[in-house]
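Engineer: Have a look at the structure that comes next, please.
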Amino acid sequence: MMQRCLQLARRALGRTAPNPLVGSVIVQAGEVVGEGFHPGAGQPHAEVFALQDAGDRAFGATVYVNLEPCNHYGRTPPCSEALVAAGVAKVVVGMVDPNPLVAGGGIMRLRNAGIEVVVGVEEDDCRQLNEGFVHRILYQRPFGILKYAMTLDGKIATSSGHSAWISNQSARNLVHQLRAACDAVIVGGNTVRKDNPRLTSRQAEAHNPLRVVMSRTLDLPTEAYLWQTTEFPTLVLTQKGANLDFQQLLWQKNVEVIELPSLTPTRAMAHLYERGFSSVLWECGGTLAAQAIAEGMVQKILAFIAPKIVGGSNAPSPIGDLGLTNMTQALALERVRWQTIDSDCLVEGYLPQKK
Ligand SMILES: NC(=O)c1ccc[n+]([C@@H]2O[C@H](COP(=O)([O-])OP(=O)(O)OC[C@H]3O[C@@H](n4cnc5c(N)ncnc54)[C@H](OP(=O)(O)O)[C@@H]3O)[C@@H](O)[C@H]2O)c1
Ligand SMILES: [Zn+2]
């Protein structure tokens with residue numbers, strides 16, 4: 001039932017920030033009588049939809065939900081009150097609310113009303129689904145995911161900068177799904193100059209993240225896929241006073257341009273946090289990726305490795321200079337998993353969290 005909650009929650013993938021992904025199932029005498037999920041900020045919560053779906057059959061029923069029911073008046077009344085009012089007998093909660101200020105409040109409210117509450121069911125999966133939301137709450141910035149594709153000899157492009165394509169079609173389809181689950185995707189100016197990427201999800205009805213370019217010089221091509229904004233928006237982050245003529249050209253193409261006091265990954269992520277974002281995908285080259293890692297703006301890494309060799313002593317690699325000199329200083333990933341995707345390999349892991 002909890003896995004079903006997660007499945008329902010995923011229907012709103014990429015669309016709920018700054019809110020979490022939540023699904024709920026109501027079971028009466030072994031039969032599912034109600035289901036719901038949270039479609040997005042400002043809309044009712046998953047439990048409310050599930051209660052509506054169940055109607056009278058919620059009385060005496062068991063409610064499953066992947067995140068602790070809320071207990072405060074936000075844009076909607078608290079779900080804990082709705083569950084009490086519906087007379088449910090038992091609530092099974094995937095994980096406690098990550099916000100230390102409210103954690104446990106919803107559960108306590110239910111228990112005080114005589115409802116049996118079970119906490120921590122399929123908890124690892126629940127945490128992973130909402131890792132962006134949890135990070136946003138705990139650290140007041142979005143969760144950063146760095147994704148790159150490299151050859152077996154560790155290159156993300158040839159020495160001339162050509163990189164289409166390193167990974168196979170199935171791996172690229174997976175990247176499109178990953179984009180659909182993120183609120184924004186970031187590249188640096190050089191990637192726009194060399195690759196002219198689209199950065200869309202390429203699937204009908206899937207969410208498309210805000211496409212973000214970080215460029216200090218704004219020495220960028222006048223024509224690029226990212227400047228085509230009729231379907232999907234693009235944001236260019238730059239520094240005060242950079243190339244004003246080009247800024248004007250971008251505004252004419254409906255590309256939003258924001259000048260930050262200085263252009264760093266930290267400032268960029270702070271801006272995206274203010275926009276309400278939870279998950280940000282770094283799809284940049286090694287220069288910006290190294291800076292983002294050094295500043296603690298990357299939490300998770302997804303490396304696609306293709307069994308190809310291009311060589312070239314000047315061909316770029318996924319991460320630029322981190323200033324490390326000794327192998328003992330290497331950043332060791334945690335919770336590492338790998339899988340094969342046709343002929344490619346995907347290695348995933350988490351960077352040790354900076355204090
Ligand atoms: N295989 C892959 O997964 C993959 C993914 C992405 C890119 N690539 C390849 O990587 C190569 C480009 O790599 P790259 O590292 O040069 O490009 P990049 O990701 O475009 O990053 C460097 C650019 O980011 C901008 N930037 C803004 N703020 C910055 C900051 N604080 N620190 C550093 N840079 C900042 C600068 O743009 P301005 O110069 O405009 O100011 C800088 O030139 C291309 O050949 C591309 O094909 C491969
Ligand atoms: Zn709620």
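Numbering starts fresh at 1 for the residues of each chain in the structure tokens, the chains themselves are lettered A, B, ... in the order given, and ligands are numbered from 1 as they appear.
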Can you check which residues of segment 201-266 of chain A DSSP gives as alpha helix (DSSP H) on the backbone and send them as a list in words?

Structural biologist: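 Answer for segment 201-266 of chain A, restricted to alpha helix (DSSP H): Leu244, Asp245, Phe246, Gln247, Gln248, Leu249, Leu250, Trp251, Gln252, Pro265 and Thr266 of chain A.
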
Engineer: With only C-alpha atoms as the counted atoms, please give the residues lying no more than 10 Å from segment 46-57 of chain A, apart from itself and same-chain residues fewer than 6 positions off, as a PyMOL selection string.

Structural biologist: chain A and resi 5+8-9+21-29+32-40+63-67+69-70+76-80+82-83+86-88

Engineer: Could those selected residues go to a file with N, CA and C atoms, as a CSV table (one decimal), in the first residue's frame?

Structural biologist:
chain,number,residue,atom,x,y,z
A,5,CYS,N,1.2,4.3,-2.6
A,5,CYS,CA,1.2,5.8,-2.3
A,5,CYS,C,2.3,6.5,-3.1
A,8,LEU,N,1.3,6.8,-6.7
A,8,LEU,CA,0.4,7.9,-6.9
A,8,LEU,C,1.1,9.3,-6.8
A,9,ALA,N,2.0,9.4,-5.8
A,9,ALA,CA,2.7,10.7,-5.6
A,9,ALA,C,3.5,11.1,-6.8
A,21,LEU,N,6.1,15.5,-2.7
A,21,LEU,CA,5.3,14.5,-3.5
A,21,LEU,C,4.6,13.6,-2.5
A,22,VAL,N,3.3,13.6,-2.5
A,22,VAL,CA,2.6,12.8,-1.6
A,22,VAL,C,1.4,12.1,-2.2
A,23,GLY,N,1.3,10.8,-1.9
A,23,GLY,CA,0.2,10.0,-2.3
A,23,GLY,C,-0.5,9.3,-1.1
A,24,SER,N,-1.8,9.0,-1.2
A,24,SER,CA,-2.5,8.4,-0.1
A,24,SER,C,-3.5,7.3,-0.6
A,25,VAL,N,-3.6,6.3,0.2
A,25,VAL,CA,-4.5,5.2,-0.2
A,25,VAL,C,-5.3,4.9,1.1
A,26,ILE,N,-6.6,4.7,0.9
A,26,ILE,CA,-7.5,4.3,2.0
A,26,ILE,C,-8.1,2.9,1.8
A,27,VAL,N,-7.9,2.1,2.9
A,27,VAL,CA,-8.3,0.7,2.8
A,27,VAL,C,-9.3,0.4,3.9
A,28,GLN,N,-10.4,-0.3,3.4
A,28,GLN,CA,-11.5,-0.7,4.3
A,28,GLN,C,-11.7,-2.2,4.1
A,29,ALA,N,-11.5,-3.0,5.1
A,29,ALA,CA,-11.7,-4.4,5.1
A,29,ALA,C,-10.9,-5.0,3.9
A,32,VAL,N,-9.2,-1.4,-1.3
A,32,VAL,CA,-8.9,0.0,-1.5
A,32,VAL,C,-10.2,0.8,-1.8
A,33,VAL,N,-10.5,1.8,-1.0
A,33,VAL,CA,-11.8,2.5,-1.2
A,33,VAL,C,-11.5,4.0,-1.6
A,34,GLY,N,-10.3,4.4,-1.5
A,34,GLY,CA,-10.0,5.8,-1.9
A,34,GLY,C,-8.5,6.0,-2.2
A,35,GLU,N,-8.2,6.8,-3.2
A,35,GLU,CA,-6.8,7.1,-3.5
A,35,GLU,C,-6.7,8.6,-3.9
A,36,GLY,N,-5.5,9.2,-3.6
A,36,GLY,CA,-5.3,10.6,-4.0
A,36,GLY,C,-3.9,10.9,-4.0
A,37,PHE,N,-3.5,12.0,-4.6
A,37,PHE,CA,-2.2,12.5,-4.6
A,37,PHE,C,-2.2,14.1,-4.6
A,38,HIS,N,-1.1,14.7,-4.2
A,38,HIS,CA,-1.0,16.1,-4.2
A,38,HIS,C,-0.6,16.6,-5.5
A,39,PRO,N,-1.4,17.3,-6.3
A,39,PRO,CA,-1.1,17.7,-7.6
A,39,PRO,C,-0.1,18.9,-7.7
A,40,GLY,N,-0.1,19.7,-6.7
A,40,GLY,CA,0.8,20.9,-6.7
A,40,GLY,C,0.5,21.9,-5.7
A,63,VAL,N,-5.7,4.5,6.7
A,63,VAL,CA,-5.1,5.4,5.7
A,63,VAL,C,-3.6,5.3,5.6
A,64,TYR,N,-3.1,5.1,4.4
A,64,TYR,CA,-1.7,5.1,4.1
A,64,TYR,C,-1.3,6.4,3.5
A,65,VAL,N,-0.2,6.9,3.9
A,65,VAL,CA,0.3,8.2,3.3
A,65,VAL,C,1.9,8.2,3.5
A,66,ASN,N,2.6,8.6,2.4
A,66,ASN,CA,4.1,8.5,2.5
A,66,ASN,C,4.7,9.6,3.4
A,67,LEU,N,4.0,10.7,3.7
A,67,LEU,CA,4.6,11.7,4.5
A,67,LEU,C,3.6,12.0,5.7
A,69,PRO,N,0.9,13.5,7.9
A,69,PRO,CA,-0.1,14.5,7.6
A,69,PRO,C,0.2,15.8,8.3
A,70,CYS,N,-0.1,16.9,7.6
A,70,CYS,CA,0.2,18.2,8.1
A,70,CYS,C,-0.8,18.6,9.2
A,76,THR,N,-4.2,25.4,2.9
A,76,THR,CA,-5.3,24.5,3.0
A,76,THR,C,-5.4,24.2,4.5
A,77,PRO,N,-6.6,23.7,5.0
A,77,PRO,CA,-6.7,23.4,6.4
A,77,PRO,C,-5.9,22.1,6.7
A,78,PRO,N,-5.6,21.8,7.9
A,78,PRO,CA,-4.7,20.6,8.2
A,78,PRO,C,-5.4,19.3,7.9
A,79,CYS,N,-4.6,18.4,7.3
A,79,CYS,CA,-5.1,17.1,7.0
A,79,CYS,C,-5.4,16.3,8.2
A,80,SER,N,-4.6,16.5,9.3
A,80,SER,CA,-4.8,15.8,10.6
A,80,SER,C,-6.3,15.9,11.0
A,82,ALA,N,-8.9,16.7,9.1
A,82,ALA,CA,-9.7,16.0,8.1
A,82,ALA,C,-9.8,14.5,8.4
A,83,LEU,N,-8.7,14.0,8.8
A,83,LEU,CA,-8.6,12.5,9.1
A,83,LEU,C,-9.4,12.2,10.4
A,86,ALA,N,-13.1,12.5,9.6
A,86,ALA,CA,-13.7,11.4,8.8
A,86,ALA,C,-13.8,10.1,9.7
A,87,GLY,N,-13.2,10.1,10.9
A,87,GLY,CA,-13.4,8.9,11.8
A,87,GLY,C,-12.5,7.7,11.3
A,88,VAL,N,-11.3,8.0,10.7
A,88,VAL,CA,-10.5,6.8,10.4
A,88,VAL,C,-10.0,6.1,11.6

Engineer: Smallest atom-to-atom distance to Leu302 of chain A: which of A:Ile115, A:Leu138, A:Ala270, A:Leu174, using only C-alpha atoms?

Structural biologist: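 Closest residue, counting only C-alpha atoms: A:Leu174.
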
Engineer: Apply DSSP to the backbone of this structure and, from segment 126-340 of chain A, keep only the residues in strand (DSSP E or B); write these as a ChimeraX atom specification.

Structural biologist: /A:143-151,184-188,210-214,234-239,256-260,279-282,300-306,334-340

Engineer: I'd like the contact shell of Thr229 of chain A - 10 Å cut-off, only C-alpha atoms, skipping same-chain residues fewer than 6 positions apart - returned as a ChimeraX atom specification.

Structural biologist: /A:211,235,253-256

Engineer: Would you export the selected residues with N, CA and C atoms as a PDB file, in the first residue's frame, please?

Structural biologist:
ATOM      1  N   ARG A 211      14.833  26.047 -17.710  1.00  0.00           N
ATOM      2  CA  ARG A 211      16.175  25.886 -18.266  1.00  0.00           C
ATOM      3  C   ARG A 211      16.995  27.108 -17.866  1.00  0.00           C
ATOM      4  N   LEU A 235      15.884  30.885 -18.327  1.00  0.00           N
ATOM      5  CA  LEU A 235      16.390  31.950 -17.457  1.00  0.00           C
ATOM      6  C   LEU A 235      17.902  32.036 -17.643  1.00  0.00           C
ATOM      7  N   LYS A 253      13.566  38.094 -26.923  1.00  0.00           N
ATOM      8  CA  LYS A 253      13.187  36.705 -27.241  1.00  0.00           C
ATOM      9  C   LYS A 253      12.434  36.065 -26.076  1.00  0.00           C
ATOM     10  N   ASN A 254      11.991  36.870 -25.124  1.00  0.00           N
ATOM     11  CA  ASN A 254      11.274  36.377 -23.944  1.00  0.00           C
ATOM     12  C   ASN A 254      12.106  35.477 -23.053  1.00  0.00           C
ATOM     13  N   VAL A 255      13.411  35.678 -23.083  1.00  0.00           N
ATOM     14  CA  VAL A 255      14.294  34.965 -22.155  1.00  0.00           C
ATOM     15  C   VAL A 255      14.496  35.884 -20.953  1.00  0.00           C
ATOM     16  N   GLU A 256      14.220  35.346 -19.765  1.00  0.00           N
ATOM     17  CA  GLU A 256      14.391  36.151 -18.555  1.00  0.00           C
ATOM     18  C   GLU A 256      15.885  36.268 -18.221  1.00  0.00           C
TER      19      GLU A 256
END

Engineer: One decimal, in Å: what's the spacing between atom CA of Ile305 of chain A and atom CA of His176 of chain A?

Structural biologist: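 Atom CA of Ile305 of chain A sits 16.8 Å away from atom CA of His176 of chain A.
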
Engineer: Could you list, as an MDAnalysis selection string, all the residues within 6 Å of ligand 1, counting only C-alpha atoms and all ligand atoms?

Structural biologist: chainID A and resid 148:150 156:157 161:163 187:191 194:195 214:219 263:265 283:288 291

Engineer: One decimal, Å: what's the distance from atom CA of Arg179 of chain A over to atom CA of Asn130 of chain A, could you say?

Structural biologist: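 Straight-line distance from atom CA of Arg179 of chain A to atom CA of Asn130 of chain A works out to 15.3 Å.
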
Engineer: Just want the 9 Å neighbourhood of Ile301 of chain A, counted on only C-alpha atoms, with same-chain residues fewer than 2 positions away dropped. Output as a ChimeraX atom specification.

Structural biologist: /A:144-148,298-299,303,333,347-351

Engineer: Write the residues of the preceding selection, restricted to C-alpha atoms, as a compact mmCIF listing (two decimals), in the first residue's frame.

Structural biologist:
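Output (again-v9.txt):
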# COMPACT_ATOMS: atom_id res chain seq x y z
CA GLY A 144 21.65 19.55 -6.45
CA ILE A 145 22.06 16.59 -8.81
CA LEU A 146 25.05 16.53 -11.16
CA LYS A 147 24.55 14.36 -14.21
CA TYR A 148 27.11 13.72 -16.91
CA VAL A 298 25.82 19.15 -5.52
CA GLN A 299 24.45 16.37 -3.31
CA ALA A 303 27.47 9.30 -14.11
CA LEU A 333 30.57 8.78 -2.74
CA VAL A 347 26.81 4.91 -11.39
CA GLU A 348 24.83 6.86 -8.77
CA GLY A 349 25.89 8.06 -5.36
CA TYR A 350 25.77 10.86 -2.82
CA LEU A 351 28.57 13.27 -1.97

Engineer: Measuring between only C-alpha atoms and all ligand atoms, which one of A:Arg4, A:His72, A:Arg15, A:Arg10 shows the shortest distance to ligand 2?

Structural biologist: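 The shortest atom-to-atom distance to ligand 2 comes from A:His72.
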
Engineer: From the options A:Met1, A:Leu324, A:Ala41, A:Cys182, which residue's atoms come nearest to ligand 2, counting only C-alpha atoms and all ligand atoms?

Structural biologist: A:Ala41

Engineer: Closest to ligand 2 among A:Val336, A:Ile107, A:Ile309, A:Val185, using only C-alpha atoms and all ligand atoms?

Structural biologist: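 Among the listed residues, A:Ile107 lies closest to ligand 2.
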
Engineer: Select, from A:Val92, A:Val236, A:Leu199, A:Val192, the residue with the minimum atom-to-atom distance to Pro221 of chain A, counting only C-alpha atoms.

Structural biologist: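 Selected residue with least distance to Pro221 of chain A: A:Val192.
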
Engineer: Within 7 Å of segment 116-120 of chain A, counting only C-alpha atoms, which residues qualify if same-chain residues fewer than 5 places away don't, as a list in words?

Structural biologist: Ala89, Lys90, Val91, Val92, Val93, Gly94, Met95, Ile107 and Arg111 of chain A

Engineer: Return the single residue from A:Thr238, A:Asn99, A:Thr325, A:Thr222 that is closest to Ile137 of chain A, with distances computed using only C-alpha atoms.

Structural biologist: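 Closest residue, counting only C-alpha atoms: A:Asn99.
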
Engineer: For the atom pair atom CA of Val102 of chain A and atom CA of Gly74 of chain A, what is the interatomic distance in Å to one decimal place?

Structural biologist: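 Between atom CA of Val102 of chain A and atom CA of Gly74 of chain A the gap is 12.6 Å.
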